file structure-v1.txt (compact mmCIF, C-alpha atoms)
# COMPACT_ATOMS: atom_id res chain seq x y z
CA MET M 26 202.64 -27.89 -98.61
CA ASN M 27 203.53 -27.47 -94.99
CA ALA M 28 207.18 -27.55 -95.91
CA HIS M 29 206.75 -24.28 -97.76
CA VAL M 30 205.13 -22.41 -94.83
CA LYS M 31 207.34 -19.59 -93.69
CA GLN M 32 208.32 -19.79 -90.05
CA VAL M 33 207.41 -16.60 -88.09
CA PRO M 34 209.87 -15.96 -85.26
CA VAL M 35 208.40 -15.78 -81.76
CA LEU M 36 208.80 -12.36 -80.13
CA GLU M 37 211.12 -12.70 -77.14
CA TRP M 38 210.86 -10.53 -73.99
CA ARG M 39 214.37 -9.32 -73.85
CA ARG M 40 216.12 -6.02 -74.05
CA GLY M 41 216.48 -5.01 -77.72
CA ARG M 42 215.86 -2.19 -80.08
CA ALA M 43 212.12 -2.44 -79.53
CA GLY M 44 212.66 -1.68 -75.80
CA TRP M 45 211.02 -4.86 -74.46
CA HIS M 46 211.98 -5.91 -70.92
CA ARG M 47 211.72 -9.13 -68.99
CA GLY M 48 211.72 -6.99 -65.68
CA PHE M 49 213.84 -4.65 -63.54
CA THR M 50 217.34 -5.66 -62.67
CA LEU M 51 218.49 -5.68 -59.05
CA LEU M 52 220.54 -2.54 -59.62
CA GLU M 53 217.53 -0.71 -61.04
CA MET M 54 215.44 -1.76 -58.06
CA LEU M 55 218.07 -0.47 -55.62
CA VAL M 56 218.31 2.86 -57.44
CA ALA M 57 214.51 3.23 -57.44
CA ILE M 58 214.25 2.41 -53.76
CA THR M 59 217.01 4.88 -52.93
CA ILE M 60 215.33 7.67 -54.89
CA LEU M 61 211.97 6.89 -53.30
CA SER M 62 213.53 6.95 -49.84
CA ILE M 63 215.15 10.33 -50.48
CA ILE M 64 211.87 11.77 -51.73
CA SER M 65 210.04 10.37 -48.69
CA LEU M 66 212.59 11.91 -46.34
CA ILE M 67 212.29 15.28 -48.05
CA LEU M 68 208.50 15.18 -47.88
CA ALA M 69 208.58 14.10 -44.23
CA SER M 70 210.98 16.93 -43.42
CA ILE M 71 208.78 19.49 -45.18
CA LEU M 72 205.69 18.13 -43.43
CA GLY M 73 207.40 18.23 -40.03
CA TYR M 74 208.64 21.77 -40.58
CA THR M 75 205.23 22.95 -41.77
CA SER M 76 203.54 21.24 -38.82
CA GLY M 77 205.99 22.88 -36.41
CA ILE M 78 205.37 26.32 -37.90
CA TRP M 79 201.62 25.77 -37.72
CA GLN M 80 201.77 24.61 -34.09
CA GLN M 81 203.97 27.55 -33.15
CA GLY M 82 201.59 29.97 -34.84
CA GLU M 83 198.60 28.33 -33.20
CA SER M 84 200.31 28.51 -29.80
CA THR M 85 201.18 32.17 -30.34
CA ASN M 86 197.59 32.98 -31.30
CA GLN M 87 196.27 31.19 -28.23
CA ASN M 88 198.72 33.06 -26.01
CA ARG M 89 197.67 36.37 -27.51
CA GLN M 90 193.98 35.58 -27.06
CA ARG M 91 194.54 34.61 -23.44
CA ALA M 92 196.60 37.73 -22.82
CA ARG M 93 193.94 39.94 -24.39
CA ILE M 94 191.28 38.48 -22.11
CA VAL M 95 193.53 39.03 -19.08
CA LEU M 96 194.41 42.60 -20.07
CA ASP M 97 190.73 43.40 -20.62
CA ARG M 98 190.02 42.21 -17.08
CA ILE M 99 192.87 44.27 -15.65
CA GLY M 100 191.69 47.26 -17.67
CA GLN M 101 188.18 47.03 -16.25
CA GLU M 102 189.53 47.00 -12.71
CA LEU M 103 192.00 49.81 -13.40
CA ARG M 104 189.25 52.07 -14.73
CA ALA M 105 187.53 51.69 -11.36
CA ALA M 106 190.63 52.81 -9.44
CA ALA M 107 189.92 55.23 -6.59
CA LEU M 108 192.07 57.87 -4.92
CA PRO M 109 193.63 57.18 -1.50
CA LEU M 110 191.32 57.33 1.49
CA ASN M 111 193.74 59.74 3.13
CA ARG M 112 196.20 61.40 0.79
CA THR M 113 198.51 62.49 3.61
CA ASN M 114 198.59 59.18 5.47
CA SER M 115 201.55 57.00 4.48
CA THR M 116 199.62 53.85 5.47
CA SER M 117 196.53 54.71 3.45
CA LEU M 118 195.40 52.72 0.44
CA GLU M 119 197.04 54.02 -2.70
CA PHE M 120 197.63 53.55 -6.41
CA VAL M 121 201.22 52.40 -6.45
CA ILE M 122 203.65 50.86 -8.95
CA ASN M 123 206.62 48.81 -7.70
CA PRO M 124 206.28 49.42 -3.95
CA SER M 125 209.53 48.88 -2.08
CA SER M 126 207.75 46.90 0.65
CA ILE M 127 207.25 43.74 -1.43
CA GLY M 128 210.83 42.95 -2.48
CA SER M 129 212.48 42.21 -5.82
CA ASN M 130 211.12 38.65 -6.17
CA TYR M 131 207.74 40.12 -7.08
CA LEU M 132 209.06 42.73 -9.52
CA ASN M 133 209.24 40.92 -12.86
CA HIS M 134 209.48 43.56 -14.33
CA ASP M 135 206.73 45.60 -12.62
CA ALA M 136 203.97 45.17 -10.07
CA ILE M 137 200.91 47.37 -9.61
CA PHE M 138 198.38 47.77 -6.78
CA TRP M 139 195.38 50.01 -6.21
CA GLN M 140 191.97 50.27 -4.57
CA ALA M 141 188.64 49.93 -6.36
CA PRO M 142 184.96 49.51 -5.41
CA ILE M 143 184.81 45.91 -6.61
CA ALA M 144 184.65 43.99 -3.34
CA THR M 145 182.90 40.64 -3.48
CA ASP M 146 181.94 40.92 0.20
CA THR M 147 180.45 44.36 0.81
CA SER M 148 179.34 43.86 4.41
CA GLN M 149 182.07 46.32 5.48
CA GLY M 150 182.21 48.46 2.35
CA ASP M 151 182.97 47.90 -1.32
CA LEU M 152 186.54 49.23 -1.54
CA ALA M 153 188.84 46.25 -2.21
CA GLU M 154 192.61 46.06 -2.61
CA VAL M 155 193.63 44.90 -6.10
CA GLY M 156 196.94 44.25 -7.80
CA TYR M 157 198.92 42.22 -10.32
CA PHE M 158 202.47 40.94 -10.30
CA VAL M 159 204.60 38.14 -11.79
CA ARG M 160 206.25 35.53 -9.60
CA TYR M 161 208.15 32.32 -10.30
CA VAL M 162 206.95 29.07 -8.73
CA ASN M 163 209.33 26.14 -9.37
CA ASN M 164 210.83 28.03 -12.32
CA GLN M 165 207.38 28.60 -13.83
CA PRO M 166 206.53 32.29 -14.29
CA ASN M 167 202.94 33.17 -13.38
CA LEU M 168 200.87 36.32 -13.45
CA CYS M 169 199.20 36.56 -10.04
CA ARG M 170 196.20 38.59 -8.89
CA PHE M 171 196.23 40.26 -5.50
CA PHE M 172 192.71 40.75 -4.17
CA VAL M 173 191.66 41.55 -0.60
CA ASN M 174 188.09 42.21 0.54
CA PRO M 175 187.40 44.80 3.28
CA THR M 176 186.37 41.94 5.57
CA ALA M 177 189.76 40.17 5.37
CA ASN M 178 192.13 40.13 8.33
CA ASN M 179 194.97 41.53 6.23
CA TYR M 180 192.89 44.44 4.90
CA ILE M 181 194.52 47.79 5.55
CA GLU M 182 192.13 48.83 8.35
CA ASN M 183 192.99 45.63 10.18
CA ASN M 184 196.69 45.79 9.31
CA PRO M 185 197.49 49.47 8.62
CA THR M 186 201.29 49.33 8.89
CA SER M 187 201.90 46.55 6.38
CA TRP M 188 198.86 46.13 4.16
CA LEU M 189 201.22 45.35 1.28
CA SER M 190 204.27 43.18 1.93
CA ALA M 191 205.97 40.00 0.72
CA SER M 192 204.27 37.97 3.44
CA ILE M 193 200.86 39.36 2.46
CA LEU M 194 201.48 38.46 -1.19
CA ASP M 195 202.53 34.97 -0.16
CA SER M 196 199.32 34.65 1.81
CA VAL M 197 196.94 36.13 -0.78
CA ALA M 198 198.48 34.86 -4.02
CA PRO M 199 201.00 32.04 -3.47
CA ALA M 200 200.05 30.38 -6.80
CA THR M 201 201.29 26.98 -5.59
CA GLN M 202 199.83 23.54 -6.00
CA ALA M 203 199.56 23.18 -2.24
CA SER M 204 197.34 26.28 -2.12
CA GLN M 205 195.27 24.99 -5.06
CA TYR M 206 196.88 27.74 -7.14
CA GLN M 207 195.30 30.53 -5.13
CA GLY M 208 195.92 33.89 -6.79
CA LEU M 209 197.14 32.36 -10.07
CA PHE M 210 195.73 34.42 -12.93
CA LEU M 211 197.70 33.35 -16.02
CA GLU M 212 200.48 30.80 -16.44
CA ASN M 213 203.70 31.24 -18.40
CA VAL M 214 203.99 35.02 -18.16
CA LEU M 215 207.66 36.01 -18.16
CA GLY M 216 207.07 39.61 -17.24
CA LEU M 217 204.71 42.54 -16.77
CA TRP M 218 205.73 46.02 -17.91
CA ILE M 219 203.85 49.09 -16.72
CA GLN M 220 204.17 52.73 -17.75
CA ALA M 221 201.82 55.32 -16.24
CA PHE M 222 201.43 58.90 -17.46
CA ASN M 223 199.91 62.15 -16.32
CA GLN M 224 197.63 64.18 -18.56
CA ASP M 225 200.52 66.35 -19.74
CA GLY M 226 202.42 63.29 -20.94
CA THR M 227 204.93 63.22 -18.10
CA ALA M 228 205.62 60.00 -16.24
CA PHE M 229 203.44 59.28 -13.24
CA VAL M 230 205.57 59.16 -10.09
CA GLY M 231 204.22 55.76 -9.13
CA ASP M 232 202.38 56.66 -5.91
CA SER M 233 199.00 58.42 -5.82
CA ARG M 234 199.68 59.73 -2.29
CA VAL M 235 202.51 61.89 -3.64
CA THR M 236 200.50 63.62 -6.37
CA GLY M 237 197.02 63.24 -4.93
CA THR M 238 195.88 62.12 -8.36
CA LEU M 239 195.60 59.02 -10.48
CA PRO M 240 197.45 58.64 -13.80
CA ALA M 241 195.60 59.64 -16.95
CA TRP M 242 196.45 56.34 -18.58
CA VAL M 243 198.50 53.22 -18.05
CA ASP M 244 200.32 51.16 -20.69
CA LEU M 245 200.49 47.44 -19.88
CA SER M 246 202.65 44.86 -21.64
CA LEU M 247 202.66 41.13 -20.99
CA VAL M 248 205.47 38.86 -22.19
CA LEU M 249 204.20 35.30 -22.59
CA ILE M 250 205.93 32.05 -23.40
CA ASP M 251 204.17 28.95 -24.73
CA SER M 252 204.01 25.81 -22.61
CA GLU M 253 206.53 23.82 -24.68
CA HIS M 254 209.22 26.48 -24.46
CA ALA M 255 208.37 27.13 -20.81
CA LYS M 256 209.51 23.57 -20.05
CA ARG M 257 213.04 24.63 -21.02
CA LEU M 258 213.24 27.21 -18.25
CA THR M 259 215.64 26.05 -15.57
CA ALA M 260 215.75 29.28 -13.56
CA PRO M 261 213.99 32.67 -13.39
CA ILE M 262 214.97 35.03 -16.18
CA PRO M 263 215.98 38.44 -14.73
CA SER M 264 214.05 41.35 -16.23
CA ALA M 265 214.86 44.26 -13.91
CA SER M 266 217.46 45.82 -16.22
CA TYR M 267 215.17 46.01 -19.27
CA SER M 268 213.01 49.12 -19.43
CA THR M 269 210.73 47.74 -22.14
CA ALA M 270 209.19 44.38 -22.93
CA SER M 271 210.68 44.40 -26.44
CA ALA M 272 214.21 44.92 -25.10
CA PHE M 273 213.71 42.01 -22.72
CA VAL M 274 212.49 39.70 -25.50
CA SER M 275 215.48 40.64 -27.68
CA SER M 276 217.82 39.50 -24.91
CA LEU M 277 216.30 36.03 -24.52
CA PRO M 278 218.26 32.95 -25.66
CA ASN M 279 217.17 31.25 -28.86
CA ALA M 280 216.02 28.21 -26.90
CA VAL M 281 213.04 30.16 -25.56
CA SER M 282 212.68 33.31 -27.69
CA SER M 283 210.87 31.54 -30.53
CA GLY M 284 208.03 30.68 -28.13
CA VAL M 285 207.64 34.21 -26.75
CA SER M 286 205.09 36.85 -27.67
CA VAL M 287 204.26 40.34 -26.39
CA VAL M 288 200.77 41.80 -25.94
CA THR M 289 200.28 45.48 -25.08
CA MET M 290 197.24 47.48 -24.02
CA ARG M 291 196.57 51.11 -23.05
CA VAL M 292 194.06 51.72 -20.26
CA CYS M 293 192.57 55.19 -19.83
CA LEU M 294 191.62 56.15 -16.28
CA THR M 295 189.99 59.47 -17.20
CA ASN M 296 187.51 60.64 -19.81
CA ASP M 297 189.54 63.77 -20.50
CA THR M 298 191.00 63.49 -23.99
CA ASN M 299 193.31 66.53 -23.77
CA TRP M 300 196.39 64.42 -23.27
CA VAL M 301 199.94 64.90 -24.43
CA LEU M 302 200.91 61.46 -25.72
CA PRO M 303 204.48 60.34 -25.02
call {"tool": "encode", "arguments": {"input": "structure-v1.txt", "output": "C-alpha cells"}}
result
Amino acid sequence: MNAHVKQVPVLEWRRGRAGWHRGFTLLEMLVAITILSIISLILASILGYTSGIWQQGESTNQNRQRARIVLDRIGQELRAAALPLNRTNSTSLEFVINPSSIGSNYLNHDAIFWQAPIATDTSQGDLAEVGYFVRYVNNQPNLCRFFVNPTANNYIENNPTSWLSASILDSVAPATQASQYQGLFLENVLGLWIQAFNQDGTAFVGDSRVTGTLPAWVDLSLVLIDSEHAKRLTAPIPSASYSTASAFVSSLPNAVSSGVSVVTMRVCLTNDTNWVLP
C-alpha cells in the first residue's frame, strides 16, 4: 500500500517563480549599505544645516535683545541730558558728538558725550559726565561707557582744559582684562551710528555750546556681531567712510556678515511733538 503513496516534493528555499529566497547575496548587501550610507549622509547634512540656521537665529535674537537693553539704558540717560553750564565757555560741559579731542581710534563710527544729573556720588553735585563710544581691544570691538562723577579728579572742574581726551577715555573706560574690563558696556559691537536732529528736522551741529540747545531727538544704531563670527576678526574694521550702519554692514566680507545684526532706536529729548521728521 505504501508503494502507491504519492511522493510530495519538499519545498526548497531557493529563488524561483514563487519568489522564495535563501537570503541576500553579497552584492545586494553592498548595494543596501551604500544606499543607507547615502541617506544617512543626506539626513546628517540636513540636520547640520538646520542646526546651524537655528543657532544663527538664536544668536541673532540674543544680540538684538542685548542691544535693546543697552539702547534703553542709553535712552534713559540721554533723556536726562542737560545744557552746558556755561554756553559761551569752550571748556564747559556740553552735549557733543564726535569731539576732535579724543582721536579717530574712538570714532567707530560715532561717539557721544553729555552731562546729566545721574551722579552716583552727589556729595559735590549730581551733574555727571556721560558718554558712549566703540573701541577695539585686541581686535575685539566693544561698546564702552564713559562715566565721571563730580567728585572724580578728572571731572571738568578739576581738569577744565581737557575734560574729554584720549587719555581720559583710556583712564575711565579702558575695557581691558587688566582693568577688570572697566567701562566695558557691551561686547562685540562693531560700530555705533548717531544722527541728531533739531526740531525743524535739520541736522544738529554736534555741539550744544554752538546752538545753546539740545537736539530734539537722536537716532542710535548699533552694529553687533555674534561671538563665533567675532573670533574671525583679525584687525579692526574701518567704519569712518560709511554714513549709515546699513551701508557699513553691506560692505562687510562674507566671513563675518552672516553673524552681524543692526538694532536702531530713536530717543526724544523733548516733549514737543511739532517736529519735522527727516
call {"tool": "closest_residue", "arguments": {"input": "structure-v1.txt", "among": "M:Leu55, M:Leu168, M:Leu61, M:Ala141", "to": "Arg104 of chain M", "atoms": "only C-alpha atoms"}}
result
M:Ala141
call {"tool": "residues_around", "arguments": {"input": "structure-v1.txt", "residues": "Asn179 of chain M", "least_positions_apart": "2", "cutoff": "12 Å", "atoms": "only C-alpha atoms", "output": "JSON, numbers by chain"}}
result
{"M": [153, 154, 171, 172, 173, 174, 175, 176, 177, 181, 182, 183, 184, 185, 186, 187, 188, 189, 190, 192, 193, 194, 195, 196, 197]}
call {"tool": "residues_around", "arguments": {"input": "structure-v1.txt", "residues": "Asn223 of chain M", "least_positions_apart": "6", "cutoff": "6 Å", "atoms": "all atoms listed in the file", "output": "ChimeraX atom specification"}}
result
/M:229,240-241
call {"tool": "closest_residue", "arguments": {"input": "structure-v1.txt", "among": "M:Leu51, M:Ile67, M:Leu239, M:Val285", "to": "Glu119 of chain M", "atoms": "all atoms listed in the file"}}
result
M:Leu239
call {"tool": "atom_distance", "arguments": {"input": "structure-v1.txt", "atom1": "atom CA of Lys256 of chain M", "atom2": "atom CA of Phe158 of chain M"}}
result
21.1 Å
call {"tool": "closest_residue", "arguments": {"input": "structure-v1.txt", "among": "M:Ser275, M:Asn123, M:Asn163, M:Gln207", "to": "Thr259 of chain M", "atoms": "only C-alpha atoms"}}
result
M:Asn163
